[in-house]
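So this one's final_12.txt, compact mmCIF, C-alpha atoms:
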```
# COMPACT_ATOMS: atom_id res chain seq x y z
CA MET E 5 -91.06 33.35 105.34
CA GLN E 6 -90.70 35.35 102.15
CA LYS E 7 -87.07 35.99 101.17
CA LYS E 8 -85.79 39.56 101.22
CA ILE E 9 -83.91 41.22 98.37
CA THR E 10 -81.09 43.69 98.99
CA LEU E 11 -80.51 46.32 96.31
CA ASP E 12 -77.28 48.33 96.42
CA ILE E 13 -77.45 51.58 94.45
CA SER E 14 -74.75 51.82 91.80
CA ASP E 15 -73.30 55.07 90.48
CA ALA E 16 -75.43 54.70 87.34
CA GLU E 17 -78.60 54.50 89.45
CA VAL E 18 -77.98 57.58 91.60
CA GLY E 19 -80.57 60.31 91.08
CA GLN E 20 -83.39 58.06 89.86
CA ARG E 21 -86.88 57.87 91.31
CA LEU E 22 -86.99 54.86 93.58
CA ASP E 23 -89.97 53.25 91.83
CA ILE E 24 -88.21 53.52 88.45
CA CYS E 25 -84.96 52.16 89.88
CA LEU E 26 -86.68 49.18 91.51
CA ALA E 27 -88.73 48.40 88.42
CA SER E 28 -85.60 48.23 86.28
CA ALA E 29 -83.52 46.33 88.84
CA LEU E 30 -86.16 43.70 89.62
CA SER E 31 -87.72 43.41 86.14
CA ILE E 32 -91.16 44.39 87.42
CA SER E 33 -93.52 47.12 86.25
CA ARG E 34 -93.21 50.61 87.68
CA SER E 35 -96.74 50.37 89.07
CA THR E 36 -95.83 47.13 90.87
CA ALA E 37 -92.70 48.75 92.30
CA ALA E 38 -94.72 51.73 93.50
CA LYS E 39 -97.29 49.42 95.12
CA TRP E 40 -94.59 47.52 97.00
CA ILE E 41 -93.14 50.81 98.24
CA ASN E 42 -96.56 52.16 99.29
CA ASP E 43 -97.30 48.86 101.02
CA LYS E 44 -94.16 49.39 103.15
CA LYS E 45 -92.33 46.45 101.65
CA VAL E 46 -89.27 48.59 100.83
CA VAL E 47 -87.02 50.14 103.49
CA ASP E 48 -83.74 52.02 103.24
CA GLN E 49 -80.50 51.24 105.05
CA ASN E 50 -81.85 52.99 108.15
CA ASN E 51 -84.88 50.69 108.10
CA LYS E 52 -87.16 53.58 107.18
CA CYS E 53 -90.10 53.14 104.83
CA CYS E 54 -89.79 54.83 101.47
CA LYS E 55 -91.84 56.77 98.94
CA PRO E 56 -92.04 55.96 95.21
CA SER E 57 -90.96 59.49 94.29
CA GLN E 58 -87.89 59.69 96.50
CA ILE E 59 -84.55 60.01 94.73
CA THR E 60 -81.86 57.38 95.12
CA THR E 61 -78.56 58.47 96.64
CA LYS E 62 -75.01 57.20 96.42
CA ASN E 63 -74.04 54.26 98.65
CA ASN E 64 -77.62 53.76 99.80
CA LYS E 65 -79.17 50.31 99.83
CA TYR E 66 -82.74 49.14 100.01
CA THR E 67 -84.28 45.98 101.42
CA ILE E 68 -87.30 44.67 99.57
CA THR E 69 -89.71 42.05 100.90
CA PRO E 70 -91.77 40.96 97.88
CA PRO E 71 -95.36 39.87 98.51
CA VAL E 72 -95.89 36.16 98.97
CA PRO E 73 -96.67 34.65 95.53
CA GLN E 74 -100.39 34.18 95.01
CA PRO E 75 -102.11 31.56 92.89
CA ALA E 76 -102.14 32.44 89.21
CA ASN E 77 -105.23 34.17 87.84
CA ALA E 78 -104.59 32.86 84.33
CA LEU E 79 -106.64 29.88 83.15
CA PRO E 80 -105.19 26.70 81.63
CA GLN E 81 -105.52 26.51 77.85
CA ASN E 82 -104.63 23.65 75.54
CA ILE E 83 -102.01 25.42 73.43
CA GLU E 84 -99.37 23.27 71.75
CA LEU E 85 -95.86 23.65 73.15
CA ASP E 86 -92.58 22.75 71.48
CA ILE E 87 -90.84 21.30 74.53
CA ILE E 88 -87.09 20.84 74.10
CA TYR E 89 -86.46 19.46 77.60
CA GLU E 90 -88.55 18.63 80.66
CA ASP E 91 -88.12 17.01 84.06
CA GLU E 92 -89.89 17.42 87.40
CA HIS E 93 -88.10 20.72 88.05
CA LEU E 94 -88.01 22.70 84.81
CA LEU E 95 -88.92 22.97 81.15
CA VAL E 96 -87.13 24.45 78.15
CA ILE E 97 -89.52 25.58 75.45
CA ASN E 98 -88.92 26.67 71.87
CA LYS E 99 -91.33 29.62 71.71
CA PRO E 100 -92.78 30.50 68.32
CA ARG E 101 -92.86 34.07 67.13
CA ASP E 102 -96.12 35.92 67.96
CA LEU E 103 -96.76 33.96 71.17
CA VAL E 104 -97.06 36.30 74.17
CA VAL E 105 -95.28 34.93 77.25
CA HIS E 106 -97.69 36.02 80.01
CA PRO E 107 -101.09 37.72 80.34
CA ALA E 108 -100.99 41.50 80.01
CA PRO E 109 -103.33 44.28 78.91
CA GLY E 110 -104.55 43.33 75.45
CA HIS E 111 -103.47 39.68 75.93
CA ALA E 112 -105.61 38.27 78.72
CA ASP E 113 -105.23 34.70 77.47
CA GLY E 114 -103.70 32.62 74.70
CA THR E 115 -100.26 33.07 76.25
CA LEU E 116 -97.40 30.77 77.10
CA VAL E 117 -98.46 30.94 80.76
CA ASN E 118 -101.92 29.63 79.83
CA ALA E 119 -100.26 26.78 77.95
CA LEU E 120 -97.93 25.99 80.86
CA LEU E 121 -100.84 25.85 83.31
CA HIS E 122 -102.56 23.32 81.07
CA HIS E 123 -99.41 21.26 80.57
CA CYS E 124 -98.26 21.24 84.20
CA GLY E 125 -101.59 21.25 85.98
CA ASN E 126 -102.00 22.38 89.59
CA SER E 127 -98.31 21.85 90.38
CA LEU E 128 -97.46 25.20 88.77
CA THR E 129 -99.95 27.26 90.79
CA GLY E 130 -98.23 30.15 92.52
CA VAL E 131 -94.71 29.38 91.24
CA GLY E 132 -93.16 32.74 90.41
CA GLY E 133 -96.17 34.84 91.39
CA VAL E 134 -99.43 36.09 89.96
CA LEU E 135 -99.82 36.11 86.15
CA ARG E 136 -96.35 34.70 85.52
CA PRO E 137 -96.31 31.20 87.04
CA GLY E 138 -93.10 29.38 86.20
CA ILE E 139 -91.60 32.14 84.09
CA VAL E 140 -87.88 32.67 84.79
CA HIS E 141 -87.12 35.06 81.93
CA ARG E 142 -89.13 36.51 79.08
CA LEU E 143 -88.93 36.75 75.33
CA ASP E 144 -90.68 39.53 73.47
CA LYS E 145 -93.82 38.55 71.59
CA ASP E 146 -92.04 38.94 68.24
CA THR E 147 -88.93 37.00 69.33
CA SER E 148 -88.78 33.24 68.86
CA GLY E 149 -86.60 30.66 70.54
CA LEU E 150 -85.55 29.09 73.81
CA LEU E 151 -87.28 30.04 77.03
CA LEU E 152 -86.75 28.58 80.49
CA ALA E 153 -89.60 27.84 82.89
CA ALA E 154 -89.57 26.43 86.44
CA LYS E 155 -92.03 23.83 87.71
CA THR E 156 -91.36 24.29 91.43
CA GLN E 157 -90.83 27.32 93.65
CA THR E 158 -87.37 26.07 94.64
CA ALA E 159 -86.30 25.70 91.02
CA HIS E 160 -87.74 29.12 90.23
CA GLU E 161 -85.81 30.81 93.04
CA LYS E 162 -82.52 29.11 92.12
CA LEU E 163 -82.87 29.80 88.41
CA THR E 164 -83.86 33.42 89.02
CA LEU E 165 -80.78 33.85 91.22
CA ALA E 166 -78.57 32.20 88.58
CA LEU E 167 -79.97 34.58 85.98
CA LYS E 168 -79.30 37.57 88.24
CA ASN E 169 -75.74 36.34 88.82
CA ARG E 170 -75.19 35.99 85.06
CA GLU E 171 -74.77 32.23 85.31
CA ILE E 172 -77.24 31.40 82.54
CA GLY E 173 -75.94 31.79 78.99
CA ARG E 174 -78.31 33.13 76.36
CA ASN E 175 -77.25 33.49 72.74
CA TYR E 176 -79.41 34.97 70.00
CA GLN E 177 -79.14 35.33 66.26
CA ALA E 178 -80.39 38.47 64.55
CA LEU E 179 -80.53 39.79 61.01
CA VAL E 180 -79.72 43.48 61.09
CA HIS E 181 -79.73 46.35 58.65
CA GLY E 182 -76.41 47.46 57.23
CA VAL E 183 -73.05 45.75 56.92
CA VAL E 184 -71.39 45.47 60.32
CA LYS E 185 -67.65 46.13 59.88
CA GLN E 186 -66.21 44.61 63.07
CA ASP E 187 -66.03 40.83 63.31
CA ALA E 188 -66.57 40.83 67.08
CA PHE E 189 -67.27 43.61 69.56
CA THR E 190 -69.07 44.46 72.78
CA ILE E 191 -71.81 47.03 73.30
CA ASP E 192 -71.59 48.36 76.85
CA ALA E 193 -74.30 51.01 77.08
CA PRO E 194 -76.75 51.52 79.98
CA THR E 195 -80.44 51.29 79.14
CA GLY E 196 -83.69 52.38 80.73
CA ARG E 197 -87.15 53.66 79.93
CA HIS E 198 -87.20 56.08 76.99
CA PRO E 199 -87.72 59.62 78.31
CA ASN E 200 -90.47 60.40 75.79
CA LYS E 201 -91.79 57.09 74.44
CA ARG E 202 -93.55 55.06 77.13
CA LYS E 203 -93.38 51.71 75.34
CA GLN E 204 -89.71 51.94 74.46
CA GLN E 205 -86.35 51.55 76.15
CA ALA E 206 -83.29 53.59 75.23
CA VAL E 207 -79.60 54.01 75.91
CA ILE E 208 -79.56 56.66 78.64
CA PRO E 209 -76.76 58.00 80.87
CA ASN E 210 -78.39 57.02 84.17
CA GLY E 211 -79.74 53.66 82.99
CA ARG E 212 -78.89 50.22 84.32
CA SER E 213 -75.76 48.50 83.12
CA ALA E 214 -76.40 46.63 79.87
CA VAL E 215 -73.75 44.58 78.06
CA THR E 216 -74.17 42.62 74.82
CA HIS E 217 -71.36 40.73 73.07
CA MET E 218 -71.67 40.65 69.27
CA GLU E 219 -70.15 38.39 66.63
CA VAL E 220 -70.66 38.59 62.87
CA LEU E 221 -71.78 35.27 61.40
CA ARG E 222 -72.32 36.36 57.79
CA ARG E 223 -72.38 39.54 55.76
CA TYR E 224 -74.75 40.27 52.91
CA ALA E 225 -74.95 43.19 50.48
CA LYS E 226 -77.03 45.39 52.81
CA HIS E 227 -77.52 43.22 55.89
CA THR E 228 -75.57 41.22 58.47
CA LEU E 229 -76.35 38.06 60.40
CA VAL E 230 -75.02 38.46 63.94
CA LYS E 231 -74.77 36.38 67.10
CA CYS E 232 -75.65 38.25 70.28
CA ARG E 233 -74.60 36.98 73.71
CA LEU E 234 -76.32 38.60 76.66
CA GLU E 235 -74.18 39.44 79.66
CA THR E 236 -77.07 41.33 81.23
CA GLY E 237 -80.76 40.94 80.44
CA ARG E 238 -82.46 44.31 80.32
CA THR E 239 -85.81 44.86 78.62
CA HIS E 240 -85.40 44.89 74.80
CA GLN E 241 -81.62 44.94 75.36
CA ILE E 242 -80.46 43.43 72.05
CA ARG E 243 -82.93 45.47 70.03
CA VAL E 244 -82.01 48.72 71.79
CA HIS E 245 -78.28 48.10 71.51
CA LEU E 246 -78.40 47.22 67.83
CA ALA E 247 -80.53 50.28 67.05
CA HIS E 248 -78.09 52.37 69.10
CA ILE E 249 -75.20 51.44 66.75
CA ASN E 250 -77.43 52.08 63.73
CA HIS E 251 -77.84 48.39 62.86
CA PRO E 252 -81.44 47.75 63.99
CA VAL E 253 -82.99 44.30 63.81
CA VAL E 254 -84.80 43.72 60.53
CA GLY E 255 -88.56 43.95 61.03
CA ASP E 256 -88.34 45.44 64.53
CA PRO E 257 -91.66 47.29 65.03
CA LEU E 258 -90.33 49.58 67.79
CA TYR E 259 -86.69 50.26 67.04
CA GLY E 260 -86.42 49.37 63.35
CA ARG E 261 -86.36 51.47 60.22
CA LYS E 262 -89.59 53.01 58.98
CA GLN E 263 -88.95 51.91 55.39
CA ASP E 264 -88.45 48.29 56.51
CA LYS E 265 -90.68 46.05 54.38
CA HIS E 266 -90.31 42.94 56.53
CA ASN E 267 -93.39 42.12 58.59
CA ALA E 268 -91.51 39.85 61.01
CA GLN E 269 -88.84 40.70 63.56
CA ILE E 270 -85.81 38.58 62.66
CA LEU E 271 -84.52 37.75 66.14
CA HIS E 272 -84.23 34.24 67.57
CA ALA E 273 -83.03 32.89 70.94
CA ALA E 274 -80.87 30.09 69.56
CA GLU E 275 -78.81 28.80 72.50
CA LEU E 276 -79.27 28.35 76.24
CA GLN E 277 -76.70 27.14 78.80
CA LEU E 278 -77.30 26.62 82.52
CA CYS E 279 -76.65 24.36 85.49
CA HIS E 280 -79.61 22.34 86.66
CA PRO E 281 -81.08 23.99 89.78
CA VAL E 282 -81.22 20.71 91.72
CA THR E 283 -78.56 18.36 90.31
CA ASN E 284 -76.09 21.07 89.18
CA GLU E 285 -75.68 19.14 85.93
CA PRO E 286 -74.53 21.38 83.04
CA LEU E 287 -77.30 21.71 80.45
CA GLN E 288 -77.04 23.11 76.95
CA PHE E 289 -79.82 23.53 74.40
CA THR E 290 -80.09 24.80 70.84
CA ALA E 291 -83.05 25.72 68.67
CA PRO E 292 -82.51 25.86 64.90
CA LEU E 293 -83.52 28.95 62.97
CA PRO E 294 -87.29 28.83 62.34
CA ALA E 295 -88.83 28.98 58.89
CA TYR E 296 -89.61 32.74 58.99
CA PHE E 297 -85.94 33.45 59.80
CA GLU E 298 -84.60 31.18 57.04
CA LYS E 299 -87.00 32.77 54.55
CA ALA E 300 -85.76 36.24 55.46
CA LEU E 301 -82.18 35.16 54.77
CA THR E 302 -83.11 34.02 51.28
CA CYS E 303 -85.04 37.20 50.46
CA ILE E 304 -82.46 39.86 51.29
```

Output the file's structure as structure tokens, nothing else.
Amino acid sequence: MQKKITLDISDAEVGQRLDICLASALSISRSTAAKWINDKKVVDQNNKCCKPSQITTKNNKYTITPPVPQPANALPQNIELDIIYEDEHLLVINKPRDLVVHPAPGHADGTLVNALLHHCGNSLTGVGGVLRPGIVHRLDKDTSGLLLAAKTQTAHEKLTLALKNREIGRNYQALVHGVVKQDAFTIDAPTGRHPNKRKQQAVIPNGRSAVTHMEVLRRYAKHTLVKCRLETGRTHQIRVHLAHINHPVVGDPLYGRKQDKHNAQILHAAELQLCHPVTNEPLQFTAPLPAYFEKALTCI
């Protein structure tokens, strides 16, 4: 039987369209959220079916029954993977910049998912659902570094829950524009879909809670190298938060500065900490700064 998800509406989520709220809360597309609602897989606290356009209210809660994961439509492709760790339950991969994580419009193949299907074979089929087999969390195409993937449905469910409960540590390094004055600080600013730009996120009053802890690693004449620790994991969170404080990531094509001459986004997932989903053993991984990142540091 497919497990149900209970979503309690926070104060920040009151007044949102239900499909938008679900999409943000569950890290799915708005169209997927709307389909689940239309397919009667979402009910309110009175066990009544919902509509995508209905507005969320205070103290309401929704029960979601996601569709049973289907076999992946993506095809296996022999794409080289930089595997940091692997056992029968999970993999940790050092993703290169420019590698798309899963198939999407404009990227039907040549993705990390295609590579995983080739590497893992039939054992990965259906784990995590259609188009994203094994994927626990994502990295943007232009972001390099450590990414966690599950090899079994049990591992996927436990790791996804650990991520939701903020039990997986993810630390990034970023080169940003401007000289950041504070040595350490926290950005606590809710984010959600940009009201006017479909492909972008933004800091918005009724967005979902988003918290990023920042630490300055090194200051340059006009730039700063910072460490970013995610407390939450919203779409584009680090990039949106840094742009919000007027220190956008160097080379960021969506949130960066127009006069930026760098053709690479200088953001790298450098550290990953978690407990093994089966053995509960503490695991910690690091990925050194890649060549494009090191080059950027020498050119500023």

Requested in this report: Mind checking which residues fall within 6 Å of Ser148 in chain E, counting all atoms listed in the file, ignoring those fewer than 5 positions away in the same chain, and posting them as a list in words?
Outcome: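 Once the nearby chain positions are removed, what remains is Lys99, Pro100, Arg101 and His272 of chain E.
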
Query - Coordinates-based distance that separates CA of Gly19 in chain E from CA of Gly196 in chain E (Å, one decimal) - result: 13.4 Å

Report task. Excluding Pro252 in chain E and any residue of its chain fewer than 6 positions from it, enumerate the residues within 12 Å of it, using only C-alpha atoms, and give them as a list in words. Result ->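 So, after excluding close chain neighbours, the residues are Ala178, Leu179, Val180, His181, Gly182, Val183, Val184, His227, Thr228, Leu229, Val230, His240, Gln241, Ile242, Arg243, Val244, His245, Leu246, Leu258, Tyr259, Gly260, Arg261, Lys262, Asp264, Gln269, Ile270 and Leu271 of chain E.
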
Report summary line: Separating CA of Leu167 in chain E from CA of Ser28 in chain E, to the nearest tenth of an Å, is a gap of 14.8 Å

Need to verify the contact set: Leu79 in chain E, 9 Å, all atoms listed in the file, exclusion of same-chain residues closer than 5 positions in sequence. Can you return it as a PDB file with C-alpha atoms, in the frame of the given file?
```pdb
ATOM      1  CA  ASP E 113    -105.230  34.700  77.470  1.00  0.00           C
ATOM      2  CA  VAL E 117     -98.460  30.940  80.760  1.00  0.00           C
ATOM      3  CA  ASN E 118    -101.920  29.630  79.830  1.00  0.00           C
ATOM      4  CA  ALA E 119    -100.260  26.780  77.950  1.00  0.00           C
ATOM      5  CA  LEU E 121    -100.840  25.850  83.310  1.00  0.00           C
ATOM      6  CA  HIS E 122    -102.560  23.320  81.070  1.00  0.00           C
TER       7      HIS E 122
END
```

Query - E:Arg233, E:Val254, E:Arg174, E:Leu165 ranked by distance to Ile304 in chain E, top pick (using all atoms listed in the file) - result: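 So, comparing all the options, the nearest one is E:Val254.
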
Query raised in the report: So how far away is CA of Ala154 in chain E from CA of Pro286 in chain E, in Å?
Result: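 Straight-line distance from CA of Pro286 in chain E to CA of Ala154 in chain E works out to 16.2 Å.
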
Could you complete range 241-267 of chain E so that it carries N, CA and C atoms, and give it back as a short mmCIF file (atom, residue, chain, number, x, y, z; two decimals), in the coordinates of the input?
```cif
data_model
loop_
_atom_site.label_atom_id
_atom_site.label_comp_id
_atom_site.auth_asym_id
_atom_site.auth_seq_id
_atom_site.Cartn_x
_atom_site.Cartn_y
_atom_site.Cartn_z
N GLN E 241 -83.04 44.56 75.40
CA GLN E 241 -81.62 44.94 75.36
C GLN E 241 -80.98 44.81 73.98
N ILE E 242 -81.11 43.64 73.35
CA ILE E 242 -80.46 43.43 72.05
C ILE E 242 -81.01 44.41 71.02
N ARG E 243 -82.31 44.58 71.01
CA ARG E 243 -82.93 45.47 70.03
C ARG E 243 -82.49 46.92 70.22
N VAL E 244 -82.43 47.34 71.48
CA VAL E 244 -82.01 48.72 71.79
C VAL E 244 -80.55 48.93 71.44
N HIS E 245 -79.70 47.97 71.79
CA HIS E 245 -78.28 48.10 71.51
C HIS E 245 -77.98 48.13 70.02
N LEU E 246 -78.63 47.26 69.27
CA LEU E 246 -78.40 47.22 67.83
C LEU E 246 -78.90 48.50 67.16
N ALA E 247 -80.03 49.00 67.60
CA ALA E 247 -80.53 50.28 67.05
C ALA E 247 -79.58 51.41 67.43
N HIS E 248 -79.00 51.32 68.62
CA HIS E 248 -78.09 52.37 69.10
C HIS E 248 -76.85 52.50 68.21
N ILE E 249 -76.38 51.39 67.64
CA ILE E 249 -75.20 51.44 66.75
C ILE E 249 -75.62 51.54 65.29
N ASN E 250 -76.89 51.87 65.07
CA ASN E 250 -77.43 52.08 63.73
C ASN E 250 -77.46 50.81 62.89
N HIS E 251 -77.64 49.67 63.55
CA HIS E 251 -77.84 48.39 62.86
C HIS E 251 -79.07 47.72 63.47
N PRO E 252 -80.25 48.32 63.34
CA PRO E 252 -81.44 47.75 63.99
C PRO E 252 -81.82 46.40 63.42
N VAL E 253 -82.51 45.61 64.24
CA VAL E 253 -82.99 44.30 63.81
C VAL E 253 -84.00 44.49 62.68
N VAL E 254 -83.85 43.69 61.65
CA VAL E 254 -84.80 43.72 60.53
C VAL E 254 -86.20 43.39 61.03
N GLY E 255 -87.17 44.20 60.66
CA GLY E 255 -88.56 43.95 61.03
C GLY E 255 -88.94 44.37 62.43
N ASP E 256 -88.04 45.02 63.16
CA ASP E 256 -88.34 45.44 64.53
C ASP E 256 -89.39 46.54 64.51
N PRO E 257 -90.58 46.30 65.11
CA PRO E 257 -91.66 47.29 65.03
C PRO E 257 -91.44 48.53 65.90
N LEU E 258 -90.56 48.45 66.90
CA LEU E 258 -90.33 49.58 67.79
C LEU E 258 -89.06 50.35 67.48
N TYR E 259 -87.99 49.62 67.18
CA TYR E 259 -86.69 50.26 67.04
C TYR E 259 -86.13 50.16 65.61
N GLY E 260 -86.90 49.57 64.70
CA GLY E 260 -86.42 49.37 63.35
C GLY E 260 -86.57 50.58 62.46
N ARG E 261 -86.29 50.39 61.19
CA ARG E 261 -86.36 51.47 60.22
C ARG E 261 -87.77 51.56 59.64
N LYS E 262 -88.23 52.79 59.46
CA LYS E 262 -89.59 53.01 58.98
C LYS E 262 -89.83 52.40 57.61
N GLN E 263 -88.79 52.42 56.76
CA GLN E 263 -88.95 51.91 55.39
C GLN E 263 -88.79 50.39 55.32
N ASP E 264 -88.62 49.74 56.46
CA ASP E 264 -88.45 48.29 56.51
C ASP E 264 -89.71 47.60 55.98
N LYS E 265 -89.54 46.72 55.00
CA LYS E 265 -90.68 46.05 54.38
C LYS E 265 -90.96 44.68 55.02
N HIS E 266 -90.10 44.23 55.89
CA HIS E 266 -90.31 42.94 56.53
C HIS E 266 -91.41 43.05 57.60
N ASN E 267 -92.30 42.09 57.61
CA ASN E 267 -93.39 42.12 58.59
C ASN E 267 -93.12 41.18 59.76
#
```
